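One structure is given below, encoded as structure tokens.
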Amino acid sequence: MTEAEKSFTPPPGTAPIVQLKGIAKYFPGVIANEDVDLEVMPGEIHALLGENGAGKSTLMNILTGIYQADAGEIIIDGYRQEFASPVQAIAAGIGMVHQHFKLVQAFTVAENIHLGWDETPKRASKSVLESRTEDLAKRYNLATRPGATVSDLSTGEQQRVEILRVLARRARLLILDEPTAVLTPAEARELFRALRDFVAEGNAVIFISHKLDEVMEISDRVSILRGGRKIATRDTRNCNAHMLANLMVGREIVLADMRGRGPHAAPISKDPVLVLDDVCVASGTGGNALDQVNLKLHAGEILGIAGVAGNGQRELSQVLTGVKAASSGKVIVDGTHMKSANAKIFADFGIGHIPEDRLHSGLAPALSITTNAVMREYDQAPVSPHGIYNPRSATRLAREIAEAAEVMIPDYGMPVRNLSGGNQQRLVARREMRIADKVLVAAYPSRGLDVGAINTMLRYIVELRDAGAGVVLISEELEELLNLSDRIAVLYEGKVMGVVENDNLDIEEIGLLMGGRTKAGEVA
Amino acid sequence: MFSSFRIQRLPSSHPGIALAARLAAIVIALVVAGVGIALAGMNPFDLGARVITASFGSSFGMEDLGVLVIPLILTGLAVAVGQQVGAWNIGAEGQFYAGAFAASAVGLFVPGEGPLILILMFVAGLVGGAAWILIPTLARAYANVNELITTLLLNFVATLLVYYVATGPWRDRSGMANSATPPLSTSVPEFWGIVHWGFPIAIGLAILVGAALAFSRWGYEVRLVGSNPSAAKYAGIPVRKHLIMVMLLSGAIAGLAGMLEIAGTVHRLQGGISNNFGYLGIMVAVLARGSPIGVIFSGAFMALILNSGIVLQTQGLTTSVVLAITGFILFLTAIGDELSYYRITREKPEGAA
């Protein structure tokens with residue numbers, strides 16, 4: 001077996017390439033990492049598994065010198081090290097390939113490889129750089145075209161350039177952040193082969209992922225992070241996807257069930273108010289960001305959307321609110337097939353939208369608080385009676401919204417970007433709830449809010465549901481989804497993996513679906 | 001005890017401080033210019049007094065200012081309107097020529113005279129300016145081509161086109177001048193000395209556009225598109241439609257400036273008729289921070305500077321010195337604008353009682 005021939009077993013007593021001891025990192029009000037121990041041995045591919053916000057990125061940023069730990073030690077080859085900057089981490093043989101590539105698009109592959117590298121010859125012609133790159137590519141077995149401009153390369157090729165860039169600097173530990181998220185299956189297989197070759201020479205890889213199947217496939221050991229702490233490290237061959245899913249999401253769920261209805265609450269309607277029928281949305285890179293999605297939302301219910309961020313949530317909220325058109329399939333609002341995307345028509349119908357990146361697309365940061373607050377109602381009385389926009393009425397409406405959102409505002413004429421992020425979010429949320437008579441699409445409504453504000457926000461959502469609106473709640477907080485949703489749909493790579501009733505729900509099942517597996521165990 | 005000072009950047013500047021910073025900038029520039037003039041052996045106070053009497057001391061001086069301010073307000077307004085929708089119209093110069101060209105064509109070749117011809121010239125100026133920005137507009141709206149480049153490059157085309165017709169096919173063959181068209185039969189009437197009705201039109205248009213932006217649904221939508229197109233898209237506002245309409249409006253206003261210049265001030269089409277009004281309009285708009293009402297004031301300020309420059313030249317200062325002084329004033333004004341965002345705060349040192 002070739003795999004076995006290639007594998008590298010360190011002699012007994014070998015020091016780990018990297019050892020982290022008791023690492024902690026605190027941000028204001030947040031524990032990003034606490035008491036994290038991690039050992040990576042030569043010759044191993046070590047997977048780091050965890051949900052969004054579990055602390056994977058912070059931990060890797062500490063290891064690569066981008067952040068400095070508030071407590072704990074980094075030990076490289078048995079010696080304690082402190083990295084004040086990424087340059088020192090690279091010098092110690094630790095290199096990282098980020099999810100968003102850091103290549104200069106207008107430069108060639110060879111230029112990118114040699115950029116900011118102290119081994120780059122002082123006076124080098126194009127052909128020297130290219131032949132050096134050619135040699136490197138051969139040595140590390142990563143096929144690239146040295147003379148090609150990076151912007152002309154496919155994502156997979158760009159990733160190879162990033163990896164080559166790191167390896168050229170003699171990295172012995174390669175950290176990859178969700179490397180397959182941007183790859184086709186064939187490219188992913190090729191990457192896995194290259195990683196196997198790399199560790200076979202006594203190097204190591206840390207592989208960050210939330211995809212259970214590929215963790216099972218590629219890694220030798222796996223460490224699970226949750227809430228900033230390391231929960232466990234396991235030999236992968238002793239694990240199965242179920243176990244990992246459990247470890248990843250199986251936390252103490254704080255049940256504050258908000259699903260119960262009062263006597264006056266509107267019942268769940270028989271007919272759906274919003275339907276997606278086989279909807280696909282093309283992504284920029286040629287695939288589908290949403291792939292044949294079928295969903296029905298009834299009035300008076302909360303439909304939770306679970307899933308790791310970046311699996312089509314943005315496109316889902318856009319297609320539900322008319323910001324983006326479906327490339328195929330039907331969007332049916334209250335029985336009417338919406339043939340084209342027009343956010344205004346959707347909003348006028350009573351569909352509110354708390355967007356994922358509300359600070360960028362929900363607000364115009366440079367314009368006044370008043371201007372931003374009336375974005376949904378600027379064209380109707382009382383703000384614009386007879387087509388005349390009345391700034392004074394607009395400010396009155398803005399004040400109303402701000403008071404409902406419990407945001408203190410000294411001056412309604414100042415740019416909205418002067419408000420804190422949390423207050424900007426509350427304003428957007430309140431503005432959208434005002435118009436959401438029929439439907440509210442809320443993407444990560446509690447992101448960036450403190451605990452008190454989250455409770456207020458969730459209470460608003462429940463009030464809206466009781467008033468008879470249908471709510472689509474997109475969230476990465478499982479507690480939130482379990483406490484509020486009547487049903488939960490799980491998105492994975494643009495597909496709805498399943499829609500489950502939130503009733504004695506098996507959390508492990510949600511975890512499996514989020515990782516791309518169905519309960520029966522077949523791969524999506 | 002020492003106390004330490006800290007410089008802080010504020011997210012927005014206080015209007016009073018911004019105004020004070022501008023006044024300070026002008027004063028500093030004048031002092032520096034005065035020192036320079038004194039070193040060159042002239043009396044700066046004497047020159048200053050002459051500039052003031054020449055500009056404000058007689059009705060002739062005021063009339064000169066009044067005529068000069070018209071194209072400056074309009075080209076400044078054209079640029080400011082573009083900024084409102086998030087487009088940099090660097091091509092007001094070209095649209096100015098295009099408007100002048102189209103209006104001259106009407107004035108020279110449509111028989112008759114009187115109000116009807118005047119109205120036709122007015123429309124021709126607007127259409128000419130809008131036509132000149134049409135290609136950059138469509139390229140930006142449909143292919144996201146940067147309008148900075150396209151509008152700028154078309155300036156040279158328009159400038160040379162006017163040179164060509166003024167010295168070639170439309171040349172005045174009767175008179176001595178061979179670099180201009182014959183006088184136009186119709187002109188914009190004057191209402192005070194040499195100041196024609198373009199003056200109230202320019203000011204009225206600036207107020208009208210300012211009011212429309214502040215007090216109409218259209219204005220609200222345009223401001224949103226200009227400030228954050230993705231927020232506008234999210235709110236269901238037709239981003240492309242507004243971008244196209246407002247850019248065409250911007251071109252039309254610059255074209256109107258060209259029409260008023262040939263029909264009100266110069267009365268014939270000639271090469272170099274714009275005097276860089278299009279480029280100065282960029283400065284006017286920047287000084288006004290993109291505000292249409294502000295353009296009236298910054299346009300007047302710019303007219304005063306240019307007029308002072310003309311006066312100084314008659315007093316024996318060379319053009320380069322005059323340009324240096326005007327440039328210096330604008331330069332310091334821009335610095336003053338930026339500085340008005342900063343505040344110096346004093347911190348008591350730790351442990352101080």
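To be explicit about the labels: the chains of the structure tokens are called A, B, and onward in the order shown, and within each one the residues are counted from 1, while ligands get numbers from 1 in the order they are shown.
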Fill in: helix (DSSP H, G or I) per DSSP on the backbone: members of stretch 129-202 of chain B, as a VMD selection string
chain B and resid 129 to 143 147 to 167 198 to 202
Discussion item. Within 10 Å of chain B, which residues belong to chain A? Use only C-alpha atoms and report them as a PyMOL selection string.
Written reply: chain A and resi 318+321-324+341-348+353+355+358-367+371-372+374-380+383-391+414-415+417-418
Item to complete: Within 6 Å of B:Arg171, counting only C-alpha atoms, which residues show up once you throw out same-chain ones fewer than 4 positions away? Write them as a PyMOL selection string, please.
Response: chain B and resi 166-167+180-181
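Atom CA of B:Ile296 to atom CA of B:Ala206 spans 7.0 Å [interatomic distance, one decimal].
Distance check against A:Leu297 using only C-alpha atoms: of A:Lys438, A:His98, A:Arg430, A:Lys211, the minimum falls on A:Lys438.
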Worksheet item: Which is closest to A:Arg172 among A:Asn203, A:Ser127, A:Asn423, A:Thr155, if we use only C-alpha atoms?
Response: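 Smallest separation from A:Arg172 among the options: A:Asn203.
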